[in-house]
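Have a look at data_38.txt below; it lists compact mmCIF, C-alpha atoms.
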```txt
# COMPACT_ATOMS: atom_id res chain seq x y z
CA MET A 1332 135.59 74.22 90.99
CA THR A 1333 138.37 73.21 88.59
CA PRO A 1334 138.32 74.69 85.05
CA VAL A 1335 137.33 71.32 83.54
CA TRP A 1336 134.29 71.09 85.84
CA THR A 1337 133.34 74.67 84.95
CA GLY A 1338 133.45 73.70 81.28
CA ILE A 1339 131.38 70.56 81.96
CA VAL A 1340 128.68 72.53 83.81
CA LEU A 1341 128.52 75.13 81.00
CA THR A 1342 128.22 72.34 78.43
CA ILE A 1343 125.42 70.68 80.41
CA VAL A 1344 123.46 73.93 80.74
CA GLY A 1345 124.00 74.96 77.11
CA CYS A 1346 123.09 71.61 75.56
CA TYR A 1347 120.00 71.05 77.73
CA ALA A 1348 118.72 74.59 77.18
CA LEU A 1349 118.89 74.11 73.39
CA LYS A 1350 117.05 70.78 73.57
CA LEU A 1351 114.30 72.20 75.79
CA ALA A 1352 113.98 75.37 73.70
CA GLY A 1353 113.33 73.31 70.57
CA LEU A 1354 110.49 71.38 72.21
CA SER A 1355 108.98 74.42 73.95
CA VAL A 1356 109.37 77.55 71.83
CA PRO A 1357 106.71 78.20 69.16
CA GLU A 1358 107.95 77.02 65.78
CA ARG A 1359 107.72 80.41 64.05
CA VAL A 1360 110.32 81.90 66.47
CA LEU A 1361 113.12 79.47 65.56
CA ALA A 1362 112.18 78.02 62.21
CA HIS A 1363 113.37 80.99 60.15
CA PRO A 1364 115.02 79.83 56.88
CA PHE A 1365 118.27 81.64 57.75
CA THR A 1366 118.44 80.07 61.22
CA ILE A 1367 117.80 76.63 59.78
CA ARG A 1368 120.48 77.04 57.12
CA VAL A 1369 123.03 78.17 59.72
CA SER A 1370 122.14 75.24 61.98
CA GLU A 1371 122.73 72.83 59.11
CA LEU A 1372 126.12 74.39 58.35
CA ILE A 1373 127.42 74.52 61.95
CA PRO A 1374 128.01 70.75 62.38
CA LEU A 1375 129.79 70.63 58.99
CA GLY A 1376 132.19 73.50 59.74
CA LEU A 1377 132.81 72.52 63.36
CA LEU A 1378 133.35 68.81 62.71
CA GLY A 1379 135.73 69.66 59.84
CA ALA A 1380 137.65 71.98 62.16
CA LEU A 1381 137.66 69.42 64.99
CA ILE A 1382 139.05 66.72 62.69
CA ALA A 1383 141.85 68.96 61.42
CA VAL A 1384 142.91 70.02 64.91
CA GLN A 1385 142.62 66.51 66.31
CA VAL A 1386 144.70 64.97 63.52
CA LEU A 1387 147.23 67.69 62.62
CA ALA A 1388 147.86 69.78 65.75
CA ASP A 1389 150.43 69.13 68.44
CA GLY A 1390 150.07 72.08 70.79
CA ASP A 1391 150.52 75.12 68.53
CA ARG A 1392 152.40 73.24 65.80
CA LEU A 1393 151.13 71.31 62.78
CA VAL A 1394 152.68 67.85 62.54
CA LEU A 1395 152.23 64.89 60.22
CA ASP A 1396 152.34 61.64 62.19
CA ALA A 1397 150.50 58.33 62.57
CA ARG A 1398 147.17 60.14 63.10
CA LEU A 1399 146.84 61.13 59.42
CA PRO A 1400 147.09 57.58 57.97
CA ALA A 1401 144.73 56.49 60.76
CA LEU A 1402 142.20 59.07 59.53
CA GLY A 1403 142.72 57.79 55.99
CA VAL A 1404 141.83 54.27 57.15
CA ALA A 1405 138.72 55.68 58.88
CA ALA A 1406 137.64 57.43 55.67
CA LEU A 1407 138.21 54.27 53.62
CA LEU A 1408 136.14 52.17 56.04
CA LEU A 1409 133.32 54.74 56.19
CA TRP A 1410 133.25 54.81 52.40
CA ARG A 1411 132.96 50.98 52.46
CA GLY A 1412 130.01 51.27 54.87
CA VAL A 1413 131.76 49.83 57.96
CA PRO A 1414 129.84 50.69 61.19
CA PHE A 1415 131.06 53.33 63.63
CA LEU A 1416 132.65 51.24 66.37
CA PRO A 1417 134.77 48.85 64.24
CA MET A 1418 135.77 51.85 62.10
CA VAL A 1419 137.04 53.79 65.16
CA ALA A 1420 138.81 50.70 66.53
CA ALA A 1421 140.55 50.03 63.19
CA SER A 1422 141.65 53.66 62.97
CA ALA A 1423 143.13 53.54 66.50
CA ALA A 1424 144.84 50.22 65.73
CA THR A 1425 146.40 51.75 62.58
CA ALA A 1426 147.97 54.56 64.60
CA ALA A 1427 149.10 52.19 67.34
CA LEU A 1428 150.69 49.81 64.82
CA LEU A 1429 152.49 52.60 62.93
CA ARG A 1430 153.93 53.90 66.22
CA LEU A 1431 155.02 50.41 67.23
CA LEU A 1432 156.84 49.97 63.90
CA SER A 1433 158.56 53.36 63.83
CA MET B 1185 109.07 53.80 82.84
CA ARG B 1186 105.73 54.76 81.28
CA ILE B 1187 105.51 56.37 77.87
CA PRO B 1188 102.86 59.13 77.76
CA GLY B 1189 99.60 57.92 76.19
CA LEU B 1190 100.68 54.29 75.91
CA ASP B 1191 99.35 51.39 77.95
CA GLY B 1192 100.44 48.02 76.60
CA LEU B 1193 101.65 47.24 73.11
CA GLU B 1194 99.49 46.77 70.04
CA PRO B 1195 100.64 44.39 67.27
CA SER B 1196 101.54 47.34 65.00
CA ASP B 1197 103.87 48.65 67.72
CA ARG B 1198 106.21 45.68 67.58
CA ALA B 1199 108.12 46.73 64.47
CA VAL B 1200 108.64 50.25 65.88
CA VAL B 1201 109.93 48.87 69.19
CA ALA B 1202 112.21 46.34 67.45
CA ASP B 1203 113.73 49.00 65.15
CA SER B 1204 114.20 51.39 68.05
CA LEU B 1205 115.90 48.82 70.27
CA GLY B 1206 118.21 47.83 67.41
CA VAL B 1207 119.30 51.44 66.99
CA ALA B 1208 119.65 51.87 70.76
CA ILE B 1209 121.98 48.88 71.08
CA ALA B 1210 124.14 49.88 68.11
CA VAL B 1211 124.46 53.51 69.19
CA GLY B 1212 124.70 52.88 72.94
CA ALA B 1213 127.80 50.79 72.32
CA TYR B 1214 129.65 53.88 70.96
CA GLY B 1215 129.66 54.97 74.59
CA VAL B 1216 132.63 52.69 75.14
CA SER B 1217 134.73 54.75 72.70
CA PHE B 1218 133.62 57.99 74.38
CA GLY B 1219 134.45 56.72 77.88
CA ALA B 1220 137.85 55.33 76.86
CA ILE B 1221 138.86 58.47 74.95
CA ALA B 1222 137.62 60.75 77.77
CA THR B 1223 139.72 59.21 80.52
CA ALA B 1224 142.67 58.66 78.18
CA SER B 1225 142.46 62.42 77.43
CA GLY B 1226 142.87 63.23 81.13
CA LEU B 1227 139.28 63.42 82.40
CA THR B 1228 138.31 61.44 85.50
CA VAL B 1229 135.86 58.55 85.33
CA LEU B 1230 133.34 60.73 87.19
CA GLN B 1231 133.73 63.58 84.66
CA ALA B 1232 133.23 61.18 81.74
CA CYS B 1233 130.10 59.73 83.34
CA VAL B 1234 128.65 63.14 84.25
CA LEU B 1235 129.10 64.26 80.62
CA SER B 1236 127.22 61.20 79.35
CA LEU B 1237 124.44 61.48 81.95
CA LEU B 1238 123.80 65.22 81.78
CA VAL B 1239 125.06 66.41 78.38
CA PHE B 1240 123.93 63.26 76.55
CA THR B 1241 124.61 64.25 72.97
CA GLY B 1242 127.58 62.39 71.58
CA GLY B 1243 128.97 64.98 69.15
CA SER B 1244 129.07 67.66 71.83
CA GLN B 1245 130.67 65.30 74.33
CA PHE B 1246 133.42 64.34 71.86
CA ALA B 1247 133.88 68.02 70.98
CA PHE B 1248 134.37 68.97 74.63
CA ILE B 1249 137.01 66.32 75.29
CA GLY B 1250 138.63 67.06 71.91
CA VAL B 1251 139.21 70.70 72.86
CA VAL B 1252 140.30 69.88 76.43
CA ALA B 1253 142.66 67.11 75.27
CA ALA B 1254 144.27 69.52 72.79
CA GLY B 1255 145.10 71.81 75.75
CA GLY B 1256 142.27 74.24 75.03
CA ASN B 1257 140.39 76.25 77.62
CA PRO B 1258 137.43 74.19 78.92
CA VAL B 1259 135.17 77.23 78.36
CA THR B 1260 136.14 77.13 74.66
CA GLY B 1261 135.31 73.43 74.83
CA ALA B 1262 131.88 74.26 76.25
CA VAL B 1263 131.24 76.83 73.49
CA THR B 1264 132.21 74.32 70.78
CA ALA B 1265 130.08 71.60 72.39
CA THR B 1266 127.05 73.88 72.74
CA LEU B 1267 127.30 75.08 69.11
CA LEU B 1268 127.40 71.47 67.96
CA GLY B 1269 124.35 70.80 70.15
CA ALA B 1270 122.33 73.49 68.35
CA ARG B 1271 120.98 70.89 65.92
CA ASN B 1272 119.08 69.28 68.81
CA MET B 1273 117.02 72.48 69.07
CA PHE B 1274 115.86 72.04 65.48
CA TYR B 1275 115.10 68.39 66.13
CA GLY B 1276 112.89 69.60 69.00
CA ILE B 1277 111.01 71.95 66.67
CA THR B 1278 110.30 69.03 64.33
CA LEU B 1279 109.37 66.70 67.20
CA ALA B 1280 107.06 69.00 69.20
CA PRO B 1281 103.99 68.70 66.90
CA LEU B 1282 104.59 64.95 66.45
CA LEU B 1283 104.92 64.08 70.14
CA ARG B 1284 102.39 66.61 71.51
CA LEU B 1285 103.77 66.54 75.06
CA ARG B 1286 102.53 68.43 78.13
CA PRO B 1287 104.88 71.05 79.59
CA LEU B 1288 106.21 68.83 82.40
CA GLN B 1289 106.74 65.90 80.02
CA ARG B 1290 108.80 68.20 77.81
CA TRP B 1291 111.34 68.78 80.59
CA ALA B 1292 112.05 65.04 80.79
CA ALA B 1293 111.76 64.38 77.05
CA ALA B 1294 114.19 67.22 76.23
CA GLN B 1295 117.15 65.29 77.62
CA ILE B 1296 116.65 62.47 75.09
CA VAL B 1297 116.25 64.73 72.03
CA ILE B 1298 119.22 63.41 70.00
CA ASP B 1299 120.00 62.36 66.42
CA GLU B 1300 118.75 58.80 66.80
CA SER B 1301 115.55 59.37 68.82
CA THR B 1302 114.55 62.06 66.30
CA ALA B 1303 115.30 59.82 63.33
CA MET B 1304 113.17 57.02 64.79
CA ALA B 1305 110.22 59.37 65.45
CA VAL B 1306 109.97 61.65 62.40
CA THR B 1307 109.18 58.87 59.93
CA ARG B 1308 106.07 57.71 61.86
CA THR B 1309 102.60 58.63 60.71
CA SER B 1310 100.79 58.52 64.10
CA THR B 1311 101.48 60.26 67.40
CA ARG B 1312 101.45 56.85 69.08
CA HIS B 1313 104.24 55.46 66.90
CA ALA B 1314 106.20 58.71 66.94
CA ARG B 1315 106.18 58.65 70.75
CA LEU B 1316 107.04 54.98 70.82
CA GLY B 1317 109.98 55.44 68.42
CA PHE B 1318 111.19 58.55 70.26
CA PHE B 1319 110.98 57.22 73.82
CA VAL B 1320 112.14 53.63 73.23
CA THR B 1321 115.13 54.84 71.18
CA GLY B 1322 115.92 57.78 73.48
CA ILE B 1323 115.66 55.85 76.76
CA GLY B 1324 117.39 52.80 75.26
CA VAL B 1325 120.34 54.87 74.00
CA PHE B 1326 120.45 56.76 77.32
CA VAL B 1327 120.74 53.61 79.44
CA LEU B 1328 123.28 51.87 77.18
CA TRP B 1329 125.33 54.99 76.37
CA ASN B 1330 125.83 55.63 80.08
CA LEU B 1331 126.59 52.00 80.90
CA PHE B 1332 129.14 51.78 78.09
CA THR B 1333 130.66 55.15 79.00
CA LEU B 1334 131.42 53.78 82.48
CA ILE B 1335 132.94 50.58 81.04
CA GLY B 1336 135.00 52.56 78.51
CA ALA B 1337 136.09 55.13 81.11
CA LEU B 1338 137.38 52.42 83.48
CA ALA B 1339 139.16 50.70 80.57
CA GLY B 1340 140.65 53.99 79.33
CA GLU B 1341 142.01 54.73 82.79
CA ALA B 1342 143.61 51.28 83.02
CA LEU B 1343 145.26 51.63 79.58
CA GLY B 1344 147.66 54.42 80.49
CA ASP B 1345 149.24 56.53 77.70
CA PRO B 1346 146.49 56.92 75.08
CA ARG B 1347 149.01 57.35 72.25
CA THR B 1348 150.26 53.75 72.63
CA TYR B 1349 146.84 52.47 71.62
CA GLY B 1350 146.14 55.13 69.02
CA LEU B 1351 143.29 56.57 71.09
CA ASP B 1352 144.27 60.12 70.05
CA ALA B 1353 143.74 59.06 66.42
CA ALA B 1354 140.43 57.45 67.40
CA VAL B 1355 139.02 60.90 68.28
CA GLY B 1356 139.62 62.09 64.71
CA ALA B 1357 137.99 58.92 63.38
CA ALA B 1358 134.99 59.44 65.70
CA PHE B 1359 134.51 63.01 64.42
CA LEU B 1360 134.78 61.77 60.84
CA GLY B 1361 132.17 59.12 61.62
CA LEU B 1362 129.81 61.84 62.89
CA LEU B 1363 130.53 64.04 59.87
CA TRP B 1364 130.32 61.36 57.16
CA PRO B 1365 126.50 60.96 56.91
CA ARG B 1366 126.20 64.78 56.54
CA LEU B 1367 128.49 65.00 53.49
CA THR B 1368 125.64 64.43 51.07
CA THR B 1369 125.99 67.55 48.88
CA PRO B 1370 128.96 69.33 47.24
CA LEU B 1371 128.21 72.37 49.45
CA ALA B 1372 128.41 70.21 52.59
CA ARG B 1373 131.78 68.81 51.52
CA VAL B 1374 133.18 72.26 50.70
CA VAL B 1375 132.06 73.66 54.07
CA ALA B 1376 133.58 70.75 56.01
CA LEU B 1377 136.87 71.04 54.09
CA ALA B 1378 136.92 74.81 54.60
CA GLY B 1379 136.43 74.31 58.34
CA ALA B 1380 139.34 71.88 58.39
CA ALA B 1381 141.61 74.14 56.32
CA CYS B 1382 140.85 77.30 58.33
CA ALA B 1383 141.33 75.49 61.64
CA ALA B 1384 144.63 73.97 60.52
CA GLY B 1385 145.83 77.38 59.35
CA LEU B 1386 144.94 78.95 62.69
CA VAL B 1387 146.68 76.32 64.86
CA PRO B 1388 150.14 77.98 64.81
CA VAL B 1389 148.83 81.50 65.44
CA THR B 1390 146.06 81.17 68.06
CA ALA B 1391 145.55 79.59 71.48
CA ALA B 1392 144.47 75.94 71.64
CA GLY B 1393 140.74 75.50 71.07
CA VAL B 1394 140.33 78.82 69.24
CA PRO B 1395 141.03 77.34 65.75
CA ILE B 1396 138.02 75.05 66.16
CA VAL B 1397 135.53 77.83 66.92
CA LEU B 1398 137.00 80.34 64.42
CA GLY B 1399 137.55 77.72 61.69
CA GLY B 1400 133.99 76.45 62.14
CA ALA B 1401 132.59 80.00 62.03
CA ALA B 1402 134.55 80.86 58.88
CA ALA B 1403 133.25 77.72 57.19
CA VAL B 1404 129.65 78.57 58.12
CA LEU B 1405 130.09 82.07 56.63
CA LEU B 1406 131.52 80.56 53.44
CA GLY B 1407 128.59 78.15 53.29
CA LEU B 1408 126.10 81.01 53.62
CA LEU B 1409 127.86 82.96 50.84
CA LEU B 1410 127.92 79.95 48.51
CA ALA B 1411 124.29 79.08 49.25
CA SER B 1412 123.05 82.64 48.64
CA ARG B 1413 125.07 82.90 45.41
CA ARG B 1414 123.53 79.65 44.21
CA ALA B 1415 120.06 80.91 45.14
CA GLY B 1416 120.86 84.05 43.09
CA GLU B 1417 121.80 81.95 40.05
CA VAL B 1418 118.52 80.07 40.14
CA THR B 1419 116.31 83.17 40.20
```
In structure tokens, what does this structure look like?
Amino acid sequence: MTPVWTGIVLTIVGCYALKLAGLSVPERVLAHPFTIRVSELIPLGLLGALIAVQVLADGDRLVLDARLPALGVAALLLWRGVPFLPMVAASAATAALLRLLS
Amino acid sequence: MRIPGLDGLEPSDRAVVADSLGVAIAVGAYGVSFGAIATASGLTVLQACVLSLLVFTGGSQFAFIGVVAAGGNPVTGAVTATLLGARNMFYGITLAPLLRLRPLQRWAAAQIVIDESTAMAVTRTSTRHARLGFFVTGIGVFVLWNLFTLIGALAGEALGDPRTYGLDAAVGAAFLGLLWPRLTTPLARVVALAGAACAAGLVPVTAAGVPIVLGGAAAVLLGLLLASRRAGEVT
């Protein structure tokens, strides 16, 4: 099995186990205030980290390129209430256009 | 496909079904961006489709390909994806008393416990409408998300270098789109920014993929500290 497939299988098992646990385990086991607070914070911290790495990293270097203005366009469109798919497409087009011009 | 406890539609069901199908169509179409970004990031069409069929939780799927595309270890990708999927467990806790499913039904229903199916179920006042909202949304998103993943994956493969079309930037935009509706409080915004800052700071000094997990963890710790300090101020 290639490393990517190993990662895919682990992701499948991990994500399904969490979904099933939520439906099956008695509420008092998981619904502790601390657990709930952590679970609300995890998507915030991880998505913030994912955005930074996706937009600023090139291997082990930080670089400023067309991806940052593309993220700015995405933020502007989200703020204006533009739906997900056109927002992503406009962000990609911004990066593509900037690269074409430079 | 038969929804547990439902035989035929009553007039009051129509609005629930219509809302759920609307959400399913809108969300299922995102699958095209996942499929295109997945194959443009170096995954095969089969790998993209297996992720959508068997992982079936968009944030985690994007997280996995984000880490792998950045050159990270796929196991780190799996850890990141699973952590991001932890919210589905809490959706399940909320859904269980609403849906009141038998053990075997839970095994099937678990796969469609996602943001949208939960949102379309929790607002209902009866078990009947909660089930209807949950299953119509969940199954609708499942079918369309997988169909659009395949279309996007084939398109992404045909496109060639993802950078030409800005698809690498599209991943950042997709993550921001997932994050945006959560940024409702000052604490949420601080935690997200802290995650971004820590991860960026770690990029030059750690292996690919590690900044995401460590940056995210640092931000969660900061969030816990800030929240407990605020709780202390109130009392």
When you look at Leu1375 (chain A) with a cut-off of 10 Å (counting only C-alpha atoms), what residues show up, excluding the ones that are within fewer than 3 positions of it in the same chain? I need them as a ChimeraX atom specification.
/A:1370-1372,1378-1381 /B:1268,1362-1364,1366-1367,1371-1380,1400,1403-1404,1407
For Leu1282 (chain B), which of A:Ala1423, A:Leu1354, A:Ala1401, A:Ala1348 is the closest residue, counting all atoms listed in the file?
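The shortest atom-to-atom distance to Leu1282 (chain B) comes from A:Leu1354.
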Near region 1424-1431 of chain A, counting only C-alpha atoms, which residues have an atom at most 9 Å away, once you skip same-chain residues fewer than 2 positions from it, shown as a ChimeraX atom specification?
/A:1396-1402,1404,1419-1422,1433 /B:1347-1354
Calculated over all atoms listed in the file, which of the candidates A:Val1360, A:Met1332, A:Arg1411, A:Ala1383 has the smallest distance to chain B?
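Checking each candidate against chain B, we get A:Ala1383 as the closest.
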Polymer residues at most 8 Å from Thr1321 (chain B), all atoms listed in the file, same-chain spacing of 6 or more positions, as JSON, numbers by chain:
{"B": [1204, 1205, 1207, 1208, 1300, 1301, 1304]}
Name all residues at most 10 Å from Val1384 (chain A) (count all atoms listed in the file; drop same-chain ones fewer than 5 positions away) and give them as an MDAnalysis selection string.
(chainID A and resid 1378:1379 1389:1391 1393) or (chainID B and resid 1250:1251 1254 1356 1380:1381 1383:1387 1392:1393 1395:1396 1399)
Counting all atoms listed in the file, the residue of B:Ala1294, B:Val1229, B:Leu1334, B:Ile1249 that sits nearest chain A:
B:Ala1294
So the first atom is CA of Asp1197 (chain B) and the second is CA of Ile1209 (chain B); what is the distance between them in Å, to one decimal place?
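Between these atoms lies a distance of 18.4 Å.
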Between A:Leu1387, A:Val1335, A:Ala1362, A:Leu1408, which one has atoms that come closest to Ala1262 (chain B), using only C-alpha atoms?
A:Val1335
Between CA of Gln1385 (chain A) and CA of Asn1330 (chain B), measure the distance and give it in Å to one decimal.
24.3 Å
For CA of Leu1351 (chain A) and CA of Ile1277 (chain B), the interatomic separation in Å (one decimal)
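Going from CA of Leu1351 (chain A) over to CA of Ile1277 (chain B) covers 9.7 Å.
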